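Okay, run.csv is below, CSV, C-alpha atoms:
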chain,number,residue,atom,x,y,z
A,3,MET,CA,0.0,0.0,0.0
A,4,LYS,CA,1.2,3.5,-0.9
A,5,ILE,CA,0.5,6.7,1.0
A,6,ALA,CA,1.1,10.2,-0.2
A,7,VAL,CA,2.3,13.0,2.1
A,8,THR,CA,2.5,16.6,1.1
A,9,SER,CA,5.9,18.0,2.1
A,10,ARG,CA,7.9,21.2,2.1
A,11,GLY,CA,11.1,19.3,1.3
A,12,THR,CA,12.3,16.0,-0.1
A,13,GLN,CA,13.1,14.1,3.1
A,14,LEU,CA,11.3,12.3,5.9
A,15,SER,CA,12.5,15.0,8.2
A,16,SER,CA,10.8,17.7,6.1
A,17,GLU,CA,7.7,19.5,7.4
A,18,VAL,CA,4.4,18.5,6.1
A,19,ASP,CA,3.2,21.1,3.6
A,20,PRO,CA,-0.3,22.2,4.8
A,21,ARG,CA,-1.3,22.9,1.2
A,22,PHE,CA,-2.3,19.9,-1.0
A,23,GLY,CA,-2.6,21.1,-4.6
A,24,ARG,CA,0.2,23.6,-4.3
A,25,ALA,CA,2.5,21.7,-2.0
A,26,ALA,CA,6.2,22.0,-2.8
A,27,TYR,CA,6.7,18.2,-2.9
A,28,ILE,CA,4.6,15.2,-2.5
A,29,LEU,CA,6.3,12.1,-1.0
A,30,ILE,CA,4.8,8.7,-2.0
A,31,VAL,CA,5.7,6.1,0.6
A,32,ASP,CA,5.4,2.5,-0.3
A,33,MET,CA,4.5,0.9,3.1
A,34,GLN,CA,5.5,-2.6,1.9
A,35,ASN,CA,9.2,-1.8,1.5
A,36,MET,CA,9.3,1.8,2.9
A,37,ALA,CA,10.6,3.0,-0.5
A,38,ILE,CA,10.0,6.7,-1.0
A,39,GLU,CA,9.3,8.4,-4.3
A,40,VAL,CA,9.6,12.2,-4.4
A,41,LEU,CA,7.2,14.1,-6.7
A,42,ASP,CA,8.3,17.6,-7.5
A,43,ASN,CA,5.1,19.6,-7.6
A,44,LYS,CA,6.6,22.7,-9.1
A,45,GLU,CA,4.3,22.7,-12.1
A,46,ASN,CA,1.2,22.7,-9.9
A,47,VAL,CA,2.5,25.3,-7.4
A,48,ASN,CA,2.4,27.8,-10.3
A,49,ALA,CA,-0.7,26.4,-11.9
A,50,PHE,CA,-3.3,28.9,-13.1
A,51,LYS,CA,-6.3,26.8,-12.0
A,52,GLY,CA,-7.1,23.3,-10.8
A,53,ALA,CA,-3.9,22.6,-8.9
A,54,GLY,CA,-5.8,20.3,-6.5
A,55,ILE,CA,-7.4,18.3,-9.3
A,56,GLN,CA,-4.0,17.9,-11.0
A,57,ALA,CA,-2.2,16.9,-7.8
A,58,ALA,CA,-5.0,14.4,-7.0
A,59,THR,CA,-4.7,12.9,-10.5
A,60,MET,CA,-0.9,12.7,-10.1
A,61,ILE,CA,-1.0,10.7,-6.8
A,62,ALA,CA,-3.9,8.5,-8.1
A,63,ASP,CA,-1.6,7.6,-11.1
A,64,ARG,CA,1.1,6.7,-8.6
A,65,GLY,CA,-1.2,4.3,-6.9
A,66,ALA,CA,-1.6,6.1,-3.6
A,67,GLU,CA,-4.5,5.0,-1.4
A,68,VAL,CA,-4.2,7.5,1.4
A,69,LEU,CA,-3.3,11.2,1.4
A,70,LEU,CA,-1.9,13.0,4.5
A,71,THR,CA,-2.0,16.7,4.2
A,72,GLY,CA,-3.1,20.0,5.9
A,73,TYR,CA,-6.0,21.4,3.8
A,74,CYS,CA,-7.9,20.0,1.0
A,75,GLY,CA,-10.4,22.0,-1.1
A,76,PRO,CA,-13.7,20.8,-2.6
A,77,ASN,CA,-12.5,20.0,-6.2
A,78,ALA,CA,-9.4,18.2,-4.9
A,79,PHE,CA,-11.6,16.2,-2.5
A,80,ARG,CA,-14.0,15.2,-5.2
A,81,THR,CA,-11.2,14.0,-7.4
A,82,LEU,CA,-9.5,12.1,-4.5
A,83,GLU,CA,-12.9,10.5,-3.6
A,84,ALA,CA,-13.4,9.4,-7.2
A,85,ALA,CA,-10.0,7.8,-7.2
A,86,GLY,CA,-10.8,6.1,-3.9
A,87,ILE,CA,-8.1,7.8,-2.0
A,88,LYS,CA,-8.8,8.4,1.7
A,89,VAL,CA,-7.8,11.8,3.1
A,90,GLY,CA,-6.3,12.5,6.4
A,91,SER,CA,-6.3,16.3,6.7
A,92,ASP,CA,-5.0,18.7,9.4
A,93,THR,CA,-1.8,16.8,9.4
A,94,THR,CA,1.1,18.7,11.1
A,95,GLY,CA,4.7,18.0,12.1
A,96,THR,CA,7.3,16.2,9.9
A,97,VAL,CA,6.6,13.6,7.2
A,98,ALA,CA,8.2,11.0,9.4
A,99,GLU,CA,5.7,11.8,12.2
A,100,ALA,CA,2.8,11.7,9.8
A,101,ILE,CA,3.8,8.2,8.6
A,102,GLU,CA,4.3,7.1,12.2
A,103,ALA,CA,0.8,8.3,13.1
A,104,PHE,CA,-0.5,6.3,10.0
A,105,ILE,CA,1.3,3.1,11.1
A,106,ASN,CA,-0.1,3.6,14.7
A,107,GLY,CA,-3.6,3.9,13.2
A,108,GLU,CA,-4.0,7.5,14.6
A,109,ILE,CA,-5.2,9.1,11.3
A,110,LYS,CA,-8.8,10.3,11.3
A,111,TYR,CA,-10.1,10.3,7.7
A,112,THR,CA,-12.3,13.2,6.7
A,113,GLU,CA,-15.6,12.9,4.9
A,114,THR,CA,-15.5,16.4,3.4
A,115,ALA,CA,-13.2,19.1,2.1
A,116,ASN,CA,-11.8,21.3,4.9
A,117,ALA,CA,-10.9,24.3,2.9
A,118,GLU,CA,-12.8,26.7,0.6
A,119,GLY,CA,-12.3,26.6,-3.2
A,120,HIS,CA,-10.3,29.4,-4.8
A,121,TRP,CA,-11.4,31.7,-7.5
B,10,MET,CA,-22.8,54.2,-32.2
B,11,ILE,CA,-21.8,52.4,-28.9
B,12,ILE,CA,-20.5,54.3,-25.9
B,13,SER,CA,-19.2,52.4,-22.9
B,14,ILE,CA,-19.3,54.0,-19.5
B,15,ALA,CA,-16.5,52.5,-17.4
B,16,SER,CA,-14.4,53.6,-14.4
B,17,GLY,CA,-11.7,51.4,-12.9
B,18,LYS,CA,-12.8,52.3,-9.4
B,19,GLY,CA,-16.2,51.2,-8.3
B,20,GLY,CA,-18.8,53.7,-7.0
B,21,THR,CA,-17.6,56.7,-9.0
B,22,GLY,CA,-20.9,57.2,-10.8
B,23,LYS,CA,-21.0,55.0,-13.9
B,24,THR,CA,-24.7,54.2,-13.5
B,25,THR,CA,-25.5,57.8,-12.6
B,26,VAL,CA,-23.9,59.0,-15.9
B,27,ALA,CA,-25.2,56.1,-17.9
B,28,THR,CA,-28.9,56.5,-16.8
B,29,ASN,CA,-28.9,60.3,-17.0
B,30,LEU,CA,-27.3,60.3,-20.4
B,31,ALA,CA,-29.7,57.7,-21.7
B,32,VAL,CA,-32.8,59.5,-20.4
B,33,SER,CA,-31.5,62.9,-21.7
B,34,LEU,CA,-31.2,61.4,-25.2
B,35,GLY,CA,-34.6,59.8,-24.9
B,36,ASP,CA,-36.0,57.1,-27.1
B,37,SER,CA,-33.3,57.3,-29.7
B,38,CYS,CA,-31.1,55.4,-27.4
B,39,MET,CA,-30.8,52.0,-25.7
B,40,LEU,CA,-29.1,51.3,-22.4
B,41,LEU,CA,-27.3,48.0,-21.8
B,42,ASP,CA,-26.6,47.2,-18.2
B,43,CYS,CA,-23.5,45.0,-18.5
B,44,ASP,CA,-22.6,45.2,-14.8
B,45,VAL,CA,-24.2,41.7,-14.7
B,46,GLU,CA,-22.9,40.9,-11.2
B,47,GLU,CA,-25.0,43.7,-9.8
B,48,PRO,CA,-27.1,45.4,-12.4
B,49,ASN,CA,-28.6,48.6,-10.9
B,50,ALA,CA,-29.6,50.8,-13.8
B,51,HIS,CA,-33.1,49.4,-13.4
B,52,LEU,CA,-33.4,51.0,-10.0
B,53,PHE,CA,-33.4,54.4,-11.7
B,54,LEU,CA,-35.2,53.6,-14.9
B,55,GLN,CA,-37.8,51.3,-13.1
B,56,PRO,CA,-38.7,49.4,-16.3
B,57,GLN,CA,-41.4,46.9,-16.8
B,58,ILE,CA,-39.5,43.7,-17.7
B,59,GLU,CA,-41.2,42.5,-20.8
B,60,LYS,CA,-39.0,39.5,-21.8
B,61,SER,CA,-36.4,37.3,-20.2
B,62,GLU,CA,-34.1,34.7,-21.6
B,63,THR,CA,-31.9,32.2,-19.8
B,64,VAL,CA,-28.3,32.1,-21.1
B,65,ALA,CA,-26.2,29.0,-20.9
B,66,THR,CA,-22.6,28.2,-21.9
B,67,PHE,CA,-21.0,25.0,-23.2
B,68,ILE,CA,-19.7,22.4,-20.7
B,69,PRO,CA,-18.7,18.8,-21.7
B,70,ILE,CA,-20.8,15.8,-20.9
B,71,VAL,CA,-18.8,12.6,-20.9
B,72,ASP,CA,-20.3,9.2,-21.8
B,73,GLU,CA,-18.1,6.8,-19.8
B,74,GLY,CA,-19.5,3.9,-21.8
B,75,LEU,CA,-17.8,5.3,-25.0
B,76,CYS,CA,-14.7,6.7,-23.2
B,77,THR,CA,-11.4,4.8,-23.6
B,78,PHE,CA,-9.8,7.0,-20.8
B,79,CYS,CA,-7.1,8.2,-23.1
B,80,ARG,CA,-6.9,11.6,-21.2
B,81,LYS,CA,-6.7,13.7,-24.3
B,82,CYS,CA,-9.5,15.9,-22.9
B,83,ALA,CA,-7.9,16.3,-19.6
B,84,ASP,CA,-4.5,17.1,-21.2
B,85,ILE,CA,-5.9,19.9,-23.4
B,86,CYS,CA,-7.9,21.6,-20.7
B,87,ARG,CA,-5.7,24.4,-19.2
B,88,PHE,CA,-8.4,25.0,-16.5
B,89,ARG,CA,-8.4,21.4,-15.3
B,90,ALA,CA,-12.1,21.1,-15.8
B,91,ILE,CA,-11.8,17.4,-16.7
B,92,ALA,CA,-9.9,14.8,-14.7
B,93,VAL,CA,-9.5,11.2,-15.6
B,94,LEU,CA,-8.9,8.7,-12.8
B,95,GLY,CA,-8.5,5.2,-13.9
B,96,LYS,CA,-11.9,4.3,-15.4
B,97,LYS,CA,-13.7,7.4,-14.1
B,98,VAL,CA,-14.0,10.9,-15.7
B,99,LEU,CA,-14.8,13.9,-13.6
B,100,VAL,CA,-16.1,17.2,-15.0
B,101,PHE,CA,-15.9,20.4,-13.0
B,102,PRO,CA,-18.5,22.6,-14.7
B,103,GLU,CA,-17.5,25.8,-12.8
B,104,LEU,CA,-13.9,25.6,-14.0
B,105,CYS,CA,-14.9,25.1,-17.6
B,106,HIS,CA,-14.3,28.2,-19.9
B,107,SER,CA,-16.3,26.6,-22.7
B,108,CYS,CA,-13.5,26.5,-25.3
B,109,GLY,CA,-14.8,23.2,-26.6
B,110,GLY,CA,-11.2,21.7,-26.9
B,111,CYS,CA,-12.2,18.5,-25.2
B,112,LEU,CA,-15.0,18.0,-27.7
B,113,VAL,CA,-12.6,18.3,-30.6
B,114,VAL,CA,-9.8,16.1,-29.3
B,115,CYS,CA,-11.9,13.2,-28.1
B,116,PRO,CA,-11.2,10.3,-30.5
B,117,ASP,CA,-14.1,8.2,-29.2
B,118,LYS,CA,-17.0,10.8,-29.6
B,119,ALA,CA,-17.6,10.3,-25.9
B,120,ILE,CA,-18.1,14.0,-25.2
B,121,THR,CA,-21.2,15.9,-26.1
B,122,ALA,CA,-22.2,19.5,-25.5
B,123,GLY,CA,-24.0,20.2,-22.3
B,124,GLY,CA,-24.9,23.6,-20.7
B,125,ARG,CA,-24.2,25.5,-17.5
B,126,GLU,CA,-26.6,28.3,-16.8
B,127,LEU,CA,-24.9,31.7,-16.7
B,128,GLY,CA,-27.8,33.9,-15.9
B,129,VAL,CA,-30.6,35.8,-17.7
B,130,VAL,CA,-30.9,38.6,-20.2
B,131,GLU,CA,-33.9,40.9,-19.6
B,132,TRP,CA,-35.6,43.4,-21.8
B,133,GLY,CA,-37.6,46.4,-20.5
B,134,GLN,CA,-38.7,49.9,-21.1
B,135,GLY,CA,-38.4,52.6,-18.4
B,136,ALA,CA,-38.2,56.4,-18.3
B,137,GLY,CA,-38.5,56.5,-22.1
B,138,VAL,CA,-35.4,54.3,-22.5
B,139,ALA,CA,-35.1,50.8,-23.8
B,140,LEU,CA,-33.1,48.7,-21.3
B,141,ILE,CA,-31.4,45.4,-21.8
B,142,GLN,CA,-29.7,44.0,-18.7
B,143,GLY,CA,-27.8,40.8,-17.8
B,144,ARG,CA,-28.2,39.2,-14.4
B,145,LEU,CA,-25.5,36.7,-13.5
B,146,ARG,CA,-26.7,33.5,-11.7
B,147,VAL,CA,-25.8,33.6,-8.0
B,148,GLY,CA,-22.7,31.3,-7.7
B,149,GLU,CA,-21.6,31.8,-11.3
B,150,ALA,CA,-18.0,33.2,-11.5
B,151,MET,CA,-17.8,33.9,-15.3
B,152,SER,CA,-19.5,37.0,-16.5
B,153,PRO,CA,-17.9,37.8,-19.9
B,154,PRO,CA,-20.1,35.3,-21.9
B,155,LEU,CA,-23.2,36.8,-20.4
B,156,ILE,CA,-22.0,40.4,-21.1
B,157,LYS,CA,-21.3,39.4,-24.7
B,158,LYS,CA,-24.8,38.0,-25.0
B,159,VAL,CA,-26.3,41.2,-23.7
B,160,ARG,CA,-24.3,43.2,-26.2
B,161,ALA,CA,-25.3,40.9,-29.1
B,162,TYR,CA,-28.9,42.0,-28.6
B,163,ALA,CA,-28.1,45.7,-28.9
B,164,ASP,CA,-29.8,47.5,-31.8
B,165,THR,CA,-26.7,49.3,-33.2
B,166,ARG,CA,-28.8,51.5,-35.4
B,167,ARG,CA,-29.6,53.4,-32.2
B,168,THR,CA,-27.2,55.1,-29.8
B,169,VAL,CA,-26.2,52.3,-27.5
B,170,ILE,CA,-24.9,53.2,-24.0
B,171,ILE,CA,-23.2,50.4,-22.0
B,172,ASP,CA,-23.1,50.6,-18.2
B,173,ALA,CA,-19.8,48.6,-17.7
B,174,PRO,CA,-18.7,46.8,-14.5
B,175,PRO,CA,-16.0,48.3,-12.4
B,176,GLY,CA,-12.3,47.2,-12.5
B,177,THR,CA,-10.1,46.5,-15.5
B,178,SER,CA,-10.4,42.7,-15.8
B,179,CYS,CA,-12.1,40.4,-18.3
B,180,PRO,CA,-15.7,41.5,-17.6
B,181,VAL,CA,-14.7,45.2,-18.2
B,182,ILE,CA,-12.9,44.3,-21.4
B,183,ALA,CA,-16.0,42.4,-22.6
B,184,ALA,CA,-18.0,45.6,-22.0
B,185,MET,CA,-15.5,47.8,-23.8
B,186,ARG,CA,-14.1,45.9,-26.7
B,187,GLY,CA,-15.1,47.2,-30.1
B,188,VAL,CA,-17.1,50.2,-28.9
B,189,ASN,CA,-16.8,53.7,-30.5
B,190,PHE,CA,-16.0,55.6,-27.3
B,191,VAL,CA,-15.2,54.9,-23.7
B,192,LEU,CA,-16.4,57.4,-21.1
B,193,LEU,CA,-14.4,57.0,-17.9
B,194,VAL,CA,-16.1,58.2,-14.8
B,195,THR,CA,-13.7,59.2,-12.0
B,196,GLU,CA,-13.5,61.2,-8.8
B,197,PRO,CA,-10.7,63.6,-7.8
B,198,THR,CA,-9.3,61.4,-5.0
B,199,PRO,CA,-6.0,59.3,-4.9
B,200,PHE,CA,-8.1,56.1,-5.2
B,201,GLY,CA,-10.0,57.6,-8.2
B,202,LEU,CA,-6.7,58.6,-9.9
B,203,HIS,CA,-5.0,55.2,-9.2
B,204,ASP,CA,-7.8,53.2,-10.8
B,205,LEU,CA,-8.4,55.7,-13.5
B,206,GLN,CA,-4.8,55.2,-14.7
B,207,LEU,CA,-5.3,51.4,-14.9
B,208,ALA,CA,-8.6,52.0,-16.8
B,209,VAL,CA,-6.9,54.3,-19.3
B,210,GLU,CA,-4.1,51.7,-19.9
B,211,ALA,CA,-6.8,49.1,-20.6
B,212,VAL,CA,-8.7,51.5,-23.0
B,213,ARG,CA,-5.5,52.3,-24.8
B,214,LEU,CA,-4.6,48.6,-25.3
B,215,LEU,CA,-8.0,48.3,-26.9
B,216,ASP,CA,-7.2,51.3,-29.0
B,217,ILE,CA,-10.5,53.1,-28.3
B,218,PRO,CA,-10.8,56.9,-27.9
B,219,CYS,CA,-11.8,58.0,-24.4
B,220,GLY,CA,-12.8,61.0,-22.3
B,221,LEU,CA,-13.5,61.7,-18.7
B,222,VAL,CA,-16.3,62.6,-16.4
B,223,ILE,CA,-15.2,63.9,-13.0
B,224,ASN,CA,-17.9,63.2,-10.5
B,225,ARG,CA,-17.9,64.9,-7.1
B,226,CYS,CA,-15.6,67.4,-8.9
B,227,ASP,CA,-15.4,69.9,-6.0
B,228,MET,CA,-13.8,67.6,-3.4
B,229,GLY,CA,-10.4,66.0,-3.2
B,230,ASP,CA,-7.4,67.4,-5.1
B,231,ASP,CA,-6.1,68.4,-8.5
B,232,GLN,CA,-4.2,65.2,-9.3
B,233,VAL,CA,-6.8,63.8,-11.6
B,234,ARG,CA,-6.9,67.0,-13.6
B,235,ASP,CA,-3.1,67.1,-13.8
B,236,TYR,CA,-3.1,63.6,-15.0
B,237,ALA,CA,-5.8,64.3,-17.6
B,238,ARG,CA,-3.7,67.3,-18.9
B,239,GLN,CA,-0.5,65.2,-19.1
B,240,GLU,CA,-2.2,62.4,-20.9
B,241,ARG,CA,-4.3,64.7,-23.1
B,242,LEU,CA,-7.6,63.2,-21.9
B,243,PRO,CA,-10.5,65.5,-22.4
B,244,ILE,CA,-12.7,66.2,-19.4
B,245,LEU,CA,-16.1,66.2,-20.9
B,246,LEU,CA,-18.3,66.8,-17.9
B,247,GLU,CA,-17.9,67.7,-14.2
B,248,ILE,CA,-20.6,66.8,-11.7
B,249,PRO,CA,-20.5,68.6,-8.3
B,250,PHE,CA,-20.6,66.9,-4.9
B,251,ASP,CA,-24.2,68.2,-4.3
B,252,ARG,CA,-26.4,67.1,-1.5
B,253,LYS,CA,-29.4,67.4,-3.8
B,254,ILE,CA,-27.9,64.9,-6.2
B,255,ALA,CA,-26.9,62.5,-3.4
B,256,GLU,CA,-30.4,62.7,-1.9
B,257,ALA,CA,-32.1,62.0,-5.2
B,258,TYR,CA,-29.7,59.1,-5.9
B,259,SER,CA,-30.5,57.6,-2.5
B,260,ARG,CA,-34.2,57.6,-3.5
B,261,GLY,CA,-33.6,56.0,-6.9
B,262,ARG,CA,-34.1,59.3,-8.7
B,263,MET,CA,-31.9,60.6,-11.5
B,264,ILE,CA,-30.3,64.0,-11.6
B,265,VAL,CA,-32.3,65.0,-14.6
B,266,GLU,CA,-35.5,64.2,-12.8
B,267,GLU,CA,-34.6,66.3,-9.8
B,268,MET,CA,-32.9,69.1,-11.8
B,269,PRO,CA,-34.2,69.1,-15.4
B,270,GLU,CA,-31.6,71.7,-16.4
B,271,TRP,CA,-29.1,68.9,-16.3
B,272,GLN,CA,-30.7,67.3,-19.4
B,273,GLU,CA,-29.0,70.0,-21.5
B,274,LYS,CA,-25.6,69.2,-19.9
B,275,PHE,CA,-25.9,65.5,-20.7
B,276,ARG,CA,-27.0,66.3,-24.3
B,277,GLU,CA,-23.9,68.6,-24.5
B,278,LEU,CA,-21.8,65.7,-23.2
B,279,PHE,CA,-23.2,63.5,-26.0
B,280,GLY,CA,-22.2,66.2,-28.5
B,281,GLN,CA,-18.7,66.4,-27.0
B,282,ILE,CA,-18.4,62.6,-27.4
B,283,LYS,CA,-19.4,62.8,-31.0
B,284,LEU,CA,-16.8,65.6,-31.6
B,285,GLU,CA,-14.1,63.4,-29.8
B,286,ILE,CA,-14.9,60.5,-32.1
B,287,LEU,CA,-14.7,62.7,-35.1
B,288,ALA,CA,-11.3,64.1,-33.9
B,289,ASP,CA,-10.0,60.6,-33.4
B,290,ILE,CA,-11.0,59.5,-36.9
B,291,TRP,CA,-9.3,62.6,-38.2
B,292,ARG,CA,-6.1,61.8,-36.2
B,293,ARG,CA,-6.1,58.3,-37.6
B,294,GLU,CA,-6.5,59.4,-41.1
B,295,ARG,CA,-3.5,61.7,-40.9
B,296,GLN,CA,-1.3,59.0,-39.4
What's the structure tokens form of this structure?
Amino acid sequence: MKIAVTSRGTQLSSEVDPRFGRAAYILIVDMQNMAIEVLDNKENVNAFKGAGIQAATMIADRGAEVLLTGYCGPNAFRTLEAAGIKVGSDTTGTVAEAIEAFINGEIKYTETANAEGHW
Amino acid sequence: MIISIASGKGGTGKTTVATNLAVSLGDSCMLLDCDVEEPNAHLFLQPQIEKSETVATFIPIVDEGLCTFCRKCADICRFRAIAVLGKKVLVFPELCHSCGGCLVVCPDKAITAGGRELGVVEWGQGAGVALIQGRLRVGEAMSPPLIKKVRAYADTRRTVIIDAPPGTSCPVIAAMRGVNFVLLVTEPTPFGLHDLQLAVEAVRLLDIPCGLVINRCDMGDDQVRDYARQERLPILLEIPFDRKIAEAYSRGRMIVEEMPEWQEKFRELFGQIKLEILADIWRRERQ
């Protein structure tokens, strides 16, 4: 199983990026072998519109089943839901701490978006 | 002839100028309220709405039965209004700008044209003026297609006056592009000047002759007049900061109703506009 964590940097010690669509990086962690793939989200950071939709498509393509992030808007949430990705929002601390919380079963999955859409 | 009344800054008196000018010119003219997010010319003209039409814009409808999930539609959409996730296609109608690109690139004919309601166009007659107004649907973010629709119904054999929205973004451009003259309403304050400069830049990009109306002309400072002189922008009318005008406005009454002598001033303004258009044609011929 793979989980996606939004991150300000490329390492496990990096802070979780509270933004989803416009996060600096997204780390895809394969929980089977703890292999980490770093997705540079540069293109979405500067996207004109639909950064959340694009980021959601990207992590779905990588086979992620869970997303850990800070805030998730309505369009991103709809896309993640369609892809069957569970969302743990309001995640803080480092990426390592987020993964630890996931392993310990401490993640509460949200049923709705927790941020407003942007215009 | 089409004259657009614009401003940059909101609340400078676009609707005041548009309605008073239209009423002064009488039944030879038509007023288009293109401030579709909050049309308010009707508050002063108090027309009977005689006809109404719902306006919709293209959005894609995807038949997942025909779709092969090739993602060509998602790739061409710069607004990310379509997402393909495995064997699912999501459409985000509110992000769609109706370019129709997805419809063209789909190799499976899985996309057909659907519609998203933008709002309504309404026709009415009030205070001797024919009014067409757009009203954007609450929740809709895209006004330019509705503004274009309102303009498409204008009878250009008559004098058409457009009450434009404030600002300098897409909706304003939609209300100014291709008109014969832009009348910029401003006020002699630092805010008025700042937004006037932006509006003048936009009008010049569109290459349309323009002139100014200074509203509340006896307050503030001289910066707007200095700027007008520097930029050779003609000041075609000044309206004083008069309690009588403010009181009339607050009751939904026009200046020309309260002070009929102003009709002549607005007719003169129209004459000035025609002279400015003439001078502009003359300038272009000599270039």
task = Select, from A:Ala117, A:Val97, A:Cys74, A:Ile105, the residue with the minimum atom-to-atom distance to A:Glu17, counting all atoms listed in the file.
result =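 Of all the options, A:Val97 lies closest to A:Glu17.
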task = Kindly provide, as a list in words, the residues of chain B having any atom no farther than 12 Å from an atom of chain A, counting all atoms listed in the file.
result =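 Taking all atoms listed in the file into account, Arg80, Ala83, Asp84, Cys86, Arg87, Phe88, Arg89, Ala90, Ile91, Ala92, Val93, Leu94, Gly95, Lys96, Lys97, Val98, Leu99, Val100, Phe101, Pro102, Glu103, Leu104, Cys105, His106, Gly148, Glu149, Ala150 and Met151 of chain B sit within 12 Å of chain A.
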Contacts of B:Leu54 at 9 Å (all atoms listed in the file; same-chain gap of 3+ positions) as a VMD selection string = chain B and resid 28 32 50 to 51 134 to 138 140 261 to 263
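The space separating atom CA of A:Tyr27 from atom CA of B:Cys82 comes to 25.8 Å.
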key: Point-to-point distance in Å for atom CA of B:Glu196 and atom CA of B:Ser13   =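 That distance, rounded to one decimal, is 17.6 Å.
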ask   = Hey, what's within 8 Å of B:Met10 if we count only C-alpha atoms and toss same-chain stuff fewer than 6 positions away? As a VMD selection string, please?
value = chain B and resid 165 to 169 188 to 189
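Near B:Thr77, within 9 Å and counting only C-alpha atoms, sit Lys96, Pro116, Asp117 and Ala119 of chain B; same-chain residues fewer than 5 positions away were not included.
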note = Using all atoms listed in the file, the residue out of A:Val47, A:Leu70, A:Ala26, A:Leu41 with shortest distance to A:Val7 is A:Leu70
ask   = Counting only C-alpha atoms, which of B:Gly22, B:Ile11, B:Pro199, B:Ala183 gets nearest to B:Cys38?
value =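 Looking only at the distances to B:Cys38, the closest residue turns out to be B:Ile11.
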What's the 7 Å shell around stretch 239-244 of chain B, counting all atoms listed in the file, without same-chain residues fewer than 3 positions away, as a short mmCIF file (atom, residue, chain, number, x, y, z; two decimals) with C-alpha atoms, keeping the file's coordinate frame?
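And here's result-v9.cif as it stands now:
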data_model
loop_
_atom_site.label_atom_id
_atom_site.label_comp_id
_atom_site.auth_asym_id
_atom_site.auth_seq_id
_atom_site.Cartn_x
_atom_site.Cartn_y
_atom_site.Cartn_z
CA GLY B 220 -12.80 61.00 -22.30
CA LEU B 221 -13.50 61.70 -18.70
CA VAL B 222 -16.30 62.60 -16.40
CA ASP B 235 -3.10 67.10 -13.80
CA TYR B 236 -3.10 63.60 -15.00
#
inquiry  = Need the shell around A:Glu67: protein/DNA/RNA residues with any atom at most 7 Å away, counting all atoms listed in the file. Skip same-chain ones fewer than 4 positions apart. Format as a PyMOL selection string?
reply    = chain A and resi 3-5+86-88
task = May I ask for the distance between atom CA of B:Ile120 and atom CA of B:Arg144, given in Å to one decimal place?
result =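 Atom CA of B:Arg144 lies 29.2 Å from atom CA of B:Ile120.
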message = Let me make sure I understand: among B:Pro218, B:Pro197, B:Pro154, B:Gly133, which one has the smallest atom-to-atom distance to B:Leu40 if we use all atoms listed in the file?
response =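 Of B:Pro218, B:Pro197, B:Pro154, B:Gly133, the one nearest B:Leu40, counting all atoms listed in the file, is B:Gly133.
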note = Counting only C-alpha atoms, closest pick from A:Thr71, A:Thr114, A:Thr96, A:Asn35 relative to A:Ser15 is A:Thr96
task = List every protein, DNA or RNA residue that has an atom no more than 12 Å from (-16.1, 50.5, -6.6) in the file's coordinate frame, counting all atoms listed in the file, and report them as a list in words.
result =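 It turns out the residues near that spot are Ala15, Ser16, Gly17, Lys18, Gly19, Gly20, Thr21, Gly22, Lys23, Thr24, Asp44, Glu47, Ala173, Pro174, Pro175, Gly176, Thr177, Val194, Thr195, Glu196, Phe200, Gly201, Asp204 and Leu205 of chain B.
With all atoms listed in the file as the atoms that count, the residue of A:Ala6, A:Asp19, A:Ile28, A:Leu14 with the shortest distance to A:Gly72 is A:Asp19.
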